[in-house]
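Asker: Got a structure for you, model-v6.cif, holding mmCIF, C-alpha atoms.
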data_final
#
loop_
_atom_site.group_PDB
_atom_site.id
_atom_site.type_symbol
_atom_site.label_atom_id
_atom_site.label_comp_id
_atom_site.auth_asym_id
_atom_site.auth_seq_id
_atom_site.Cartn_x
_atom_site.Cartn_y
_atom_site.Cartn_z
ATOM 1 C CA MET N 270 -38.809 9.674 26.571
ATOM 2 C CA LYS N 271 -37.448 13.205 26.152
ATOM 3 C CA LYS N 272 -35.146 12.689 29.119
ATOM 4 C CA ILE N 273 -33.803 9.472 27.592
ATOM 5 C CA MET N 274 -33.208 11.165 24.237
ATOM 6 C CA ALA N 275 -31.479 14.071 25.964
ATOM 7 C CA TYR N 276 -29.342 11.708 28.065
ATOM 8 C CA PHE N 277 -28.041 9.956 24.954
ATOM 9 C CA ASP N 278 -27.776 13.237 23.000
ATOM 10 C CA LEU N 279 -30.236 12.112 20.322
ATOM 11 C CA ASN N 280 -33.220 13.534 18.517
ATOM 12 C CA PRO N 281 -35.966 11.372 16.953
ATOM 13 C CA ALA N 282 -35.021 12.171 13.355
ATOM 14 C CA SER N 283 -31.320 11.396 13.776
ATOM 15 C CA LEU N 284 -32.118 8.248 15.773
ATOM 16 C CA LEU N 285 -34.430 6.887 13.063
ATOM 17 C CA TYR N 286 -31.869 7.723 10.394
ATOM 18 C CA SER N 287 -29.117 5.961 12.349
ATOM 19 C CA ILE N 288 -31.287 2.900 12.969
ATOM 20 C CA PHE N 289 -32.188 2.695 9.276
ATOM 21 C CA LEU N 290 -28.559 2.872 8.121
ATOM 22 C CA MET N 291 -27.304 0.438 10.756
ATOM 23 C CA THR N 292 -30.082 -2.076 10.077
ATOM 24 C CA LEU N 293 -29.462 -1.934 6.340
ATOM 25 C CA GLY N 294 -25.729 -2.292 6.944
ATOM 26 C CA CYS N 295 -26.215 -5.336 9.175
ATOM 27 C CA VAL N 296 -28.454 -7.034 6.596
ATOM 28 C CA VAL N 297 -25.923 -6.402 3.816
ATOM 29 C CA TYR N 298 -23.037 -7.630 5.981
ATOM 30 C CA ALA N 299 -24.899 -10.783 7.025
ATOM 31 C CA PHE N 300 -25.814 -11.488 3.401
ATOM 32 C CA GLY N 301 -22.154 -11.230 2.416
ATOM 33 C CA VAL N 302 -21.074 -13.603 5.180
ATOM 34 C CA ASN N 303 -23.783 -16.219 4.627
ATOM 35 C CA TYR N 304 -23.898 -16.051 0.819
ATOM 36 C CA PHE N 305 -20.215 -15.727 -0.065
ATOM 37 C CA LEU N 306 -17.913 -16.388 2.895
ATOM 38 C CA LEU N 307 -19.225 -19.357 4.870
ATOM 39 C CA PRO N 308 -20.093 -21.596 1.876
ATOM 40 C CA ASN N 309 -16.603 -21.101 0.459
ATOM 41 C CA HIS N 310 -14.738 -21.555 3.738
ATOM 42 C CA PHE N 311 -13.360 -18.030 4.076
ATOM 43 C CA GLY N 312 -11.953 -16.567 7.244
ATOM 44 C CA ASN N 313 -12.509 -13.057 8.564
ATOM 45 C CA GLY N 314 -11.140 -10.649 11.118
ATOM 46 C CA GLY N 315 -12.671 -9.462 14.356
ATOM 47 C CA VAL N 316 -15.475 -11.081 16.286
ATOM 48 C CA THR N 317 -17.192 -12.255 13.105
ATOM 49 C CA GLY N 318 -13.999 -14.128 12.241
ATOM 50 C CA ILE N 319 -14.097 -15.819 15.655
ATOM 51 C CA ALA N 320 -17.762 -16.691 15.129
ATOM 52 C CA MET N 321 -16.953 -18.213 11.736
ATOM 53 C CA LEU N 322 -14.173 -20.328 13.252
ATOM 54 C CA VAL N 323 -16.541 -21.620 15.935
ATOM 55 C CA TYR N 324 -19.050 -22.428 13.189
ATOM 56 C CA TYR N 325 -16.458 -24.406 11.208
ATOM 57 C CA LEU N 326 -15.329 -26.333 14.288
ATOM 58 C CA PHE N 327 -18.553 -26.910 16.210
ATOM 59 C CA GLY N 328 -21.424 -25.884 13.938
ATOM 60 C CA VAL N 329 -22.626 -23.130 16.299
ATOM 61 C CA ALA N 330 -24.545 -20.391 14.466
ATOM 62 C CA THR N 331 -22.343 -17.374 13.756
ATOM 63 C CA GLY N 332 -24.924 -14.937 15.104
ATOM 64 C CA THR N 333 -25.037 -16.731 18.449
ATOM 65 C CA THR N 334 -21.270 -16.655 18.950
ATOM 66 C CA ASN N 335 -21.125 -13.083 17.694
ATOM 67 C CA PHE N 336 -23.733 -11.996 20.258
ATOM 68 C CA ILE N 337 -22.032 -13.752 23.194
ATOM 69 C CA VAL N 338 -18.533 -12.423 22.440
ATOM 70 C CA ASN N 339 -19.781 -8.890 21.784
ATOM 71 C CA ALA N 340 -21.840 -8.933 24.976
ATOM 72 C CA ILE N 341 -18.733 -9.853 26.979
ATOM 73 C CA LEU N 342 -16.679 -7.141 25.281
ATOM 74 C CA LEU N 343 -19.387 -4.520 25.867
ATOM 75 C CA VAL N 344 -19.603 -5.417 29.559
ATOM 76 C CA VAL N 345 -15.824 -5.086 29.861
ATOM 77 C CA GLY N 346 -15.361 -2.004 27.702
ATOM 78 C CA TRP N 347 -18.597 0.016 27.878
ATOM 79 C CA LYS N 348 -16.870 2.857 29.720
ATOM 80 C CA PHE N 349 -14.612 3.471 26.729
ATOM 81 C CA LEU N 350 -17.636 4.468 24.651
ATOM 82 C CA GLY N 351 -19.672 7.652 24.898
ATOM 83 C CA ARG N 352 -23.353 7.438 25.816
ATOM 84 C CA ARG N 353 -24.601 7.931 22.285
ATOM 85 C CA THR N 354 -22.026 5.570 20.768
ATOM 86 C CA LEU N 355 -22.744 2.949 23.430
ATOM 87 C CA LEU N 356 -26.478 2.950 22.697
ATOM 88 C CA LEU N 357 -26.004 2.729 18.935
ATOM 89 C CA THR N 358 -23.262 0.100 19.288
ATOM 90 C CA VAL N 359 -25.477 -2.122 21.450
ATOM 91 C CA TYR N 360 -28.179 -1.874 18.788
ATOM 92 C CA ALA N 361 -25.803 -2.490 15.876
ATOM 93 C CA SER N 362 -24.050 -5.485 17.459
ATOM 94 C CA THR N 363 -27.379 -7.052 18.462
ATOM 95 C CA CYS N 364 -28.890 -6.384 15.045
ATOM 96 C CA LEU N 365 -25.872 -7.926 13.308
ATOM 97 C CA SER N 366 -26.076 -11.042 15.483
ATOM 98 C CA VAL N 367 -29.760 -11.460 14.643
ATOM 99 C CA CYS N 368 -29.152 -10.857 10.934
ATOM 100 C CA LEU N 369 -26.336 -13.414 10.825
ATOM 101 C CA ASN N 370 -28.803 -16.028 12.074
ATOM 102 C CA ILE N 371 -31.864 -15.110 10.001
ATOM 103 C CA VAL N 372 -30.474 -13.816 6.684
ATOM 104 C CA LYS N 373 -29.993 -17.175 4.998
ATOM 105 C CA PRO N 374 -29.751 -16.891 1.205
ATOM 106 C CA VAL N 375 -29.034 -19.910 -0.986
ATOM 107 C CA PRO N 376 -25.248 -20.359 -0.575
ATOM 108 C CA TYR N 377 -23.011 -19.363 -3.465
ATOM 109 C CA GLU N 378 -20.516 -22.157 -4.024
ATOM 110 C CA ALA N 379 -17.845 -20.735 -6.282
ATOM 111 C CA THR N 380 -15.821 -22.477 -8.965
ATOM 112 C CA ASN N 381 -13.540 -19.421 -9.047
ATOM 113 C CA ILE N 382 -12.671 -18.330 -5.519
ATOM 114 C CA ILE N 383 -11.824 -14.785 -6.630
ATOM 115 C CA ILE N 384 -15.509 -14.017 -7.273
ATOM 116 C CA PRO N 385 -16.708 -14.509 -3.665
ATOM 117 C CA ALA N 386 -13.536 -12.786 -2.410
ATOM 118 C CA VAL N 387 -14.302 -9.628 -4.368
ATOM 119 C CA ALA N 388 -18.089 -9.694 -3.966
ATOM 120 C CA GLY N 389 -17.889 -10.680 -0.303
ATOM 121 C CA GLY N 390 -15.344 -7.953 0.406
ATOM 122 C CA VAL N 391 -17.534 -5.330 -1.236
ATOM 123 C CA LEU N 392 -20.647 -6.427 0.684
ATOM 124 C CA LEU N 393 -18.838 -6.596 4.025
ATOM 125 C CA GLY N 394 -17.288 -3.182 3.441
ATOM 126 C CA LEU N 395 -20.623 -1.738 2.360
ATOM 127 C CA GLY N 396 -22.316 -3.159 5.446
ATOM 128 C CA ILE N 397 -19.748 -1.846 7.924
ATOM 129 C CA GLY N 398 -19.598 1.473 6.084
ATOM 130 C CA LEU N 399 -23.349 1.936 6.466
ATOM 131 C CA VAL N 400 -23.163 1.094 10.174
ATOM 132 C CA ILE N 401 -20.410 3.688 10.623
ATOM 133 C CA ARG N 402 -22.402 6.261 8.647
ATOM 134 C CA GLY N 403 -25.212 5.568 11.097
ATOM 135 C CA ASN N 404 -22.845 6.638 13.922
ATOM 136 C CA GLY N 405 -22.536 3.130 15.297
ATOM 137 C CA THR N 406 -19.992 0.325 15.423
ATOM 138 C CA THR N 407 -20.394 -3.426 15.648
ATOM 139 C CA ALA N 408 -18.393 -3.467 18.917
ATOM 140 C CA GLY N 409 -16.030 -6.433 18.664
ATOM 141 C CA THR N 410 -12.319 -5.806 18.378
ATOM 142 C CA ASP N 411 -12.878 -2.032 18.309
ATOM 143 C CA ILE N 412 -13.356 -2.233 22.080
ATOM 144 C CA VAL N 413 -10.270 -4.432 22.501
ATOM 145 C CA ALA N 414 -8.249 -1.879 20.515
ATOM 146 C CA MET N 415 -9.530 0.924 22.783
ATOM 147 C CA ILE N 416 -8.476 -1.035 25.874
ATOM 148 C CA MET N 417 -5.026 -1.707 24.385
ATOM 149 C CA GLN N 418 -4.697 1.979 23.563
ATOM 150 C CA LYS N 419 -5.471 3.010 27.145
ATOM 151 C CA PHE N 420 -3.395 0.442 29.037
ATOM 152 C CA PHE N 421 -0.566 -0.375 26.620
ATOM 153 C CA GLY N 422 -0.166 2.890 24.730
ATOM 154 C CA LEU N 423 -0.786 1.314 21.321
ATOM 155 C CA SER N 424 -2.539 3.403 18.709
ATOM 156 C CA PHE N 425 -6.109 2.375 17.929
ATOM 157 C CA SER N 426 -5.272 1.315 14.366
ATOM 158 C CA VAL N 427 -2.314 -0.825 15.486
ATOM 159 C CA GLY N 428 -4.407 -2.500 18.183
ATOM 160 C CA LEU N 429 -7.175 -3.218 15.695
ATOM 161 C CA LEU N 430 -4.686 -4.646 13.199
ATOM 162 C CA MET N 431 -3.146 -6.881 15.863
ATOM 163 C CA CYS N 432 -6.552 -8.256 16.852
ATOM 164 C CA ASP N 433 -7.505 -8.976 13.255
ATOM 165 C CA MET N 434 -4.145 -10.602 12.498
ATOM 166 C CA LEU N 435 -4.460 -12.884 15.534
ATOM 167 C CA VAL N 436 -7.884 -14.039 14.347
ATOM 168 C CA ILE N 437 -6.582 -14.523 10.796
ATOM 169 C CA LEU N 438 -3.583 -16.487 12.110
ATOM 170 C CA ALA N 439 -5.892 -18.777 14.068
ATOM 171 C CA SER N 440 -8.081 -19.154 10.986
ATOM 172 C CA SER N 441 -5.151 -20.335 8.885
ATOM 173 C CA PHE N 442 -5.008 -23.588 10.860
ATOM 174 C CA ILE N 443 -8.636 -24.299 9.973
ATOM 175 C CA ILE N 444 -9.096 -22.950 6.446
ATOM 176 C CA GLY N 445 -5.565 -23.486 5.148
ATOM 177 C CA VAL N 446 -2.874 -21.158 3.848
ATOM 178 C CA ASP N 447 -4.413 -20.650 0.396
ATOM 179 C CA MET N 448 -7.773 -19.524 1.751
ATOM 180 C CA THR N 449 -6.034 -17.363 4.352
ATOM 181 C CA ILE N 450 -4.284 -15.435 1.577
ATOM 182 C CA VAL N 451 -7.575 -15.021 -0.292
ATOM 183 C CA THR N 452 -9.220 -13.919 2.967
ATOM 184 C CA ILE N 453 -6.607 -11.184 3.431
ATOM 185 C CA MET N 454 -7.338 -10.011 -0.115
ATOM 186 C CA MET N 455 -11.059 -10.001 0.681
ATOM 187 C CA MET N 456 -10.449 -7.963 3.846
ATOM 188 C CA PHE N 457 -8.400 -5.430 1.880
ATOM 189 C CA ILE N 458 -11.285 -4.989 -0.565
ATOM 190 C CA ALA N 459 -13.652 -4.599 2.391
ATOM 191 C CA SER N 460 -11.448 -1.913 3.970
ATOM 192 C CA GLN N 461 -11.300 0.039 0.706
ATOM 193 C CA THR N 462 -15.073 -0.187 0.383
ATOM 194 C CA ILE N 463 -15.490 1.064 3.954
ATOM 195 C CA SER N 464 -13.286 4.059 3.144
ATOM 196 C CA LEU N 465 -15.339 4.779 0.041
ATOM 197 C CA ILE N 466 -18.631 4.614 1.944
ATOM 198 C CA THR N 467 -17.507 6.616 4.983
ATOM 199 C CA ASP N 468 -15.522 9.226 3.049
ATOM 200 C CA GLY N 469 -17.972 9.312 0.170
ATOM 201 C CA PHE N 470 -17.135 10.191 -3.395
ATOM 202 C CA ASN N 471 -16.084 13.632 -2.243
ATOM 203 C CA ARG N 472 -12.325 13.284 -2.515
ATOM 204 C CA LYS N 473 -10.738 16.383 -3.951
ATOM 205 C CA LYS N 474 -7.323 17.827 -4.688
ATOM 206 C CA SER N 475 -5.596 20.522 -2.677
ATOM 207 C CA VAL N 476 -3.304 22.711 -4.768
ATOM 208 C CA MET N 477 -0.694 25.141 -3.465
ATOM 209 C CA ILE N 478 0.736 27.585 -5.988
ATOM 210 C CA PHE N 479 3.963 29.513 -5.455
ATOM 211 C CA SER N 480 4.272 32.277 -8.025
ATOM 212 C CA GLU N 481 5.316 35.887 -8.479
ATOM 213 C CA LYS N 482 2.074 36.415 -10.416
ATOM 214 C CA GLN N 483 -0.290 35.290 -7.678
ATOM 215 C CA GLU N 484 -2.814 38.076 -8.226
ATOM 216 C CA GLU N 485 -3.271 37.239 -11.901
ATOM 217 C CA ILE N 486 -3.527 33.508 -11.194
ATOM 218 C CA ALA N 487 -6.031 34.026 -8.363
ATOM 219 C CA GLU N 488 -8.200 36.251 -10.532
ATOM 220 C CA CYS N 489 -8.277 33.686 -13.363
ATOM 221 C CA VAL N 490 -9.079 30.790 -11.001
ATOM 222 C CA VAL N 491 -12.038 32.652 -9.509
ATOM 223 C CA ARG N 492 -13.287 33.917 -12.878
ATOM 224 C CA ASP N 493 -12.659 30.931 -15.167
ATOM 225 C CA MET N 494 -12.868 27.947 -12.799
ATOM 226 C CA VAL N 495 -15.396 29.406 -10.344
ATOM 227 C CA ARG N 496 -13.357 28.285 -7.339
ATOM 228 C CA GLY N 497 -12.562 30.199 -4.217
ATOM 229 C CA ILE N 498 -8.886 30.731 -3.539
ATOM 230 C CA THR N 499 -7.033 31.611 -0.345
ATOM 231 C CA ILE N 500 -3.834 33.631 -0.128
ATOM 232 C CA LEU N 501 -1.503 32.443 2.630
ATOM 233 C CA LYS N 502 1.381 34.464 3.983
ATOM 234 C CA GLY N 503 4.698 32.647 3.637
ATOM 235 C CA TYR N 504 8.421 33.209 3.913
ATOM 236 C CA GLY N 505 11.019 31.879 1.494
ATOM 237 C CA TYR N 506 13.985 30.778 3.559
ATOM 238 C CA TYR N 507 16.280 30.498 0.536
ATOM 239 C CA THR N 508 15.386 33.948 -0.842
ATOM 240 C CA LYS N 509 14.878 35.474 2.620
ATOM 241 C CA LYS N 510 11.759 37.201 1.319
ATOM 242 C CA ASP N 511 8.098 37.298 2.336
ATOM 243 C CA ARG N 512 5.804 35.806 -0.268
ATOM 244 C CA GLU N 513 2.178 34.872 -0.823
ATOM 245 C CA VAL N 514 1.056 31.307 -1.474
ATOM 246 C CA LEU N 515 -2.215 30.437 -3.207
ATOM 247 C CA LEU N 516 -4.333 27.584 -1.854
ATOM 248 C CA VAL N 517 -7.265 26.181 -3.814
ATOM 249 C CA ILE N 518 -9.395 23.016 -3.510
ATOM 250 C CA VAL N 519 -10.642 21.578 -6.803
ATOM 251 C CA ASN N 520 -12.399 18.530 -8.200
ATOM 252 C CA ARG N 521 -10.248 15.857 -9.820
ATOM 253 C CA ASN N 522 -11.360 16.840 -13.309
ATOM 254 C CA GLN N 523 -10.209 20.417 -12.698
ATOM 255 C CA ILE N 524 -6.584 19.529 -12.017
ATOM 256 C CA VAL N 525 -5.401 19.549 -15.639
ATOM 257 C CA PRO N 526 -7.195 22.819 -16.537
ATOM 258 C CA LEU N 527 -5.731 24.410 -13.397
ATOM 259 C CA GLN N 528 -2.220 23.241 -14.265
ATOM 260 C CA ARG N 529 -2.630 24.606 -17.775
ATOM 261 C CA LEU N 530 -3.922 27.933 -16.477
ATOM 262 C CA VAL N 531 -1.033 28.366 -14.036
ATOM 263 C CA THR N 532 1.587 27.382 -16.627
ATOM 264 C CA GLN N 533 0.211 29.828 -19.184
ATOM 265 C CA ILE N 534 0.370 32.710 -16.722
ATOM 266 C CA ASP N 535 3.654 31.804 -15.042
ATOM 267 C CA PRO N 536 5.778 28.970 -16.520
ATOM 268 C CA LYS N 537 8.126 29.284 -13.525
ATOM 269 C CA ALA N 538 5.374 28.722 -10.944
ATOM 270 C CA PHE N 539 5.937 26.001 -8.348
ATOM 271 C CA VAL N 540 2.831 23.858 -7.779
ATOM 272 C CA THR N 541 2.142 21.085 -5.265
ATOM 273 C CA ILE N 542 -0.918 18.811 -5.476
ATOM 274 C CA THR N 543 -2.135 16.642 -2.609
ATOM 275 C CA GLU N 544 -5.074 14.302 -2.093
ATOM 276 C CA VAL N 545 -7.888 15.568 0.129
ATOM 277 C CA GLN N 546 -9.907 12.841 1.828
ATOM 278 C CA GLN N 547 -13.100 14.836 2.144
ATOM 279 C CA VAL N 548 -14.304 18.408 1.719
ATOM 280 C CA ILE N 549 -17.319 19.784 3.567
ATOM 281 C CA GLY N 550 -18.627 23.229 2.797
ATOM 282 C CA GLU N 551 -20.071 25.552 0.211
ATOM 283 C CA GLY N 552 -19.121 24.664 -3.313
ATOM 284 C CA PHE N 553 -18.638 20.982 -2.536
ATOM 285 C CA THR N 554 -21.361 19.603 -0.260
ATOM 286 C CA PHE N 555 -23.853 22.456 0.055
ATOM 287 C CA PHE N 556 -24.505 25.746 -1.648
ATOM 288 C CA SER N 557 -25.433 29.213 -0.527
ATOM 289 C CA TYR N 558 -28.686 30.332 -2.091
ATOM 290 C CA ALA N 559 -27.097 33.762 -2.500
ATOM 291 C CA SER N 560 -24.253 32.392 -4.622
ATOM 292 C CA PRO N 561 -24.567 33.227 -8.336
ATOM 293 C CA HIS N 562 -22.242 30.340 -9.209
ATOM 294 C CA LYS N 563 -24.104 27.391 -7.663
ATOM 295 C CA LYS N 564 -24.532 25.555 -10.952
ATOM 296 C CA PHE N 565 -20.777 25.534 -11.581
ATOM 297 C CA TYR N 566 -19.653 24.088 -8.247
ATOM 298 C CA GLN N 567 -20.091 20.441 -9.062
#
Could you spell out this file's structure in structure tokens?

Answerer:
Amino acid sequence: MKKIMAYFDLNPASLLYSIFLMTLGCVVYAFGVNYFLLPNHFGNGGVTGIAMLVYYLFGVATGTTNFIVNAILLVVGWKFLGRRTLLLTVYASTCLSVCLNIVKPVPYEATNIIIPAVAGGVLLGLGIGLVIRGNGTTAGTDIVAMIMQKFFGLSFSVGLLMCDMLVILASSFIIGVDMTIVTIMMMFIASQTISLITDGFNRKKSVMIFSEKQEEIAECVVRDMVRGITILKGYGYYTKKDREVLLVIVNRNQIVPLQRLVTQIDPKAFVTITEVQQVIGEGFTFFSYASPHKKFYQ
């Protein structure tokens, strides 16, 4: 057993955690498909979209088609996945196929099609997000995109988009143009939910401050806002002078106080603010027990 765990670069705790997240994600995803999408004749992208089309045309269970197509793709593209990812992907794709066949809630037949579009998108995004957080994927068109990237030079995201669009285009002949448009809206909601789950609620702002009073600003930021600040060495091409640039990462609710602080000290300061997808480290996701400012970080 230890040799197997070592071969796949796993430890028991991380494996159990991954299995829990992936299983929960598959159940949530299957619930979204069977409760909201199928009863209201939605389409979908990827292998699940193909499985739904086969269900509409021939009545074959979505889980069955999903398993067969994913098995073929895994046989063809297993070498594009690492050992650990391969193991977890086999589990996730199998688990999803089983869940699609056994998670059978009472169908929700909508009078307003926007409701299942929004709710279904959120559930599908939540499900896939949990699978990704568990370090797995549901195989499918991810593998096709990897193959296209290797042999045709397409970026992974472009390949994935092409695969999904082909499935959606095929779906339009079965579900109609109106439902295809609503399906695209549902998929957009799902993608935003996936981003929220995988990136977390840890989005921050990165602020760069160009000022002649950098020392005073840095001191006030550390003292009043309890944020670390980094001084970068820069060179002003217009002025032909060396200068120091302040870099600080802050929570969203600290942006306005920071702007006010900088303006009060130096009204001529030049400030740029950019979105930060995720921040990992002391002050944001974990704290040093030696830090006297732990309670202020969040």

Asker: If you apply the PyMOL selection byres ((chain N and resi 421-429) around 12) to this file, what residues do you get, as a list in words?

Answerer: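 Taken on the displayed file, the PyMOL selection byres ((chain N and resi 421-429) around 12) yields the residues Gly314, Gly315, Val316, Ala408, Gly409, Thr410, Asp411, Ile412, Val413, Ala414, Met415, Ile416, Met417, Gln418, Lys419, Phe420, Leu430, Met431, Cys432, Asp433, Met434, Leu435 and Val436 of chain N.
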
Asker: Going by the chain IDs and residue numbers used in this file, which residues fall under the PyMOL selection byres ((chain N and resi 354) around 10)? Write them as a compact mmCIF listing (two decimals) with C-alpha atoms, in the frame of the given file.

Answerer:
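Writing done, so here's result-v3.txt:
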# COMPACT_ATOMS: atom_id res chain seq x y z
CA PHE N 277 -28.04 9.96 24.95
CA ASP N 278 -27.78 13.24 23.00
CA TRP N 347 -18.60 0.02 27.88
CA PHE N 349 -14.61 3.47 26.73
CA LEU N 350 -17.64 4.47 24.65
CA GLY N 351 -19.67 7.65 24.90
CA ARG N 352 -23.35 7.44 25.82
CA ARG N 353 -24.60 7.93 22.28
CA LEU N 355 -22.74 2.95 23.43
CA LEU N 356 -26.48 2.95 22.70
CA LEU N 357 -26.00 2.73 18.93
CA THR N 358 -23.26 0.10 19.29
CA VAL N 359 -25.48 -2.12 21.45
CA TYR N 360 -28.18 -1.87 18.79
CA ASN N 404 -22.84 6.64 13.92
CA GLY N 405 -22.54 3.13 15.30
CA THR N 406 -19.99 0.32 15.42
CA ALA N 408 -18.39 -3.47 18.92

Asker: Using all atoms listed in the file, which of the listed residues (N:Ile524, N:Cys489, N:Ile478, N:Leu438) sits closest to N:Leu501?

Answerer: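 Counting all atoms listed in the file, the residue closest to N:Leu501 is N:Ile478.
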
Asker: Give the answer as one residue: which of N:Val296, N:Ile450, N:Leu527, N:Val400 has the shortest atom-to-atom distance to N:Lys474, using all atoms listed in the file?

Answerer: N:Leu527

Asker: Pick out the closest residue to N:Asn381 from this set: N:Asp468, N:Val451, N:Val531, N:Leu369. Count all atoms listed in the file.

Answerer: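 Under the stated criterion, the closest residue is N:Val451.
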
Asker: What's the separation between atom CA of N:Pro526 and atom CA of N:Ile549, in Å to one decimal place?

Answerer: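 Between atom CA of N:Pro526 and atom CA of N:Ile549 the gap works out to 22.7 Å.
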
Asker: Up to 9 Å from (-11.6, 18.1, -8.3) in the file's coordinates: name the residues, counting only C-alpha atoms, as a PyMOL selection string.

Answerer: chain N and resi 471-475+518-524+567

Asker: So that each row is one residue of stretch 356-404 of chain N with an atom at most 8 Å from stretch 454-465 of chain N, can you give its shortest atom pair and the distance in Å to one decimal, using all atoms listed in the file, rows by chain and rising number, as JSON lines?

Answerer:
{"residue": "N:Ala386", "atom": "CA", "partner": "N:Met455", "partner_atom": "CA", "distance": 4.8}
{"residue": "N:Val387", "atom": "CA", "partner": "N:Met455", "partner_atom": "CA", "distance": 6.0}
{"residue": "N:Gly389", "atom": "CA", "partner": "N:Met455", "partner_atom": "CA", "distance": 6.9}
{"residue": "N:Gly390", "atom": "CA", "partner": "N:Ala459", "partner_atom": "CA", "distance": 4.2}
{"residue": "N:Val391", "atom": "CA", "partner": "N:Ala459", "partner_atom": "CA", "distance": 5.4}
{"residue": "N:Leu392", "atom": "CA", "partner": "N:Ala459", "partner_atom": "CA", "distance": 7.4}
{"residue": "N:Leu393", "atom": "CA", "partner": "N:Ala459", "partner_atom": "CA", "distance": 5.8}
{"residue": "N:Gly394", "atom": "CA", "partner": "N:Ala459", "partner_atom": "CA", "distance": 4.0}
{"residue": "N:Leu395", "atom": "CA", "partner": "N:Ile463", "partner_atom": "CA", "distance": 6.1}
{"residue": "N:Ile397", "atom": "CA", "partner": "N:Ile463", "partner_atom": "CA", "distance": 6.5}
{"residue": "N:Gly398", "atom": "CA", "partner": "N:Ile463", "partner_atom": "CA", "distance": 4.6}

Asker: Quick one, how far is atom CA of N:Cys295 from atom CA of N:Leu307?

Answerer: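 Taking atom CA of N:Cys295 as the start and atom CA of N:Leu307 as the end point, the length is 16.2 Å.
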
Asker: Nearest to N:Ile486: which of N:Thr532, N:Gln547, N:Thr508, N:Asn339 is it, counting all atoms listed in the file?

Answerer: N:Thr532

Asker: Have a look at atom CA of N:Lys537 and atom CA of N:Gln483 and let me know their distance in Å, one decimal.

Answerer: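 Interatomic distance, atom CA of N:Lys537 to atom CA of N:Gln483: 11.9 Å.
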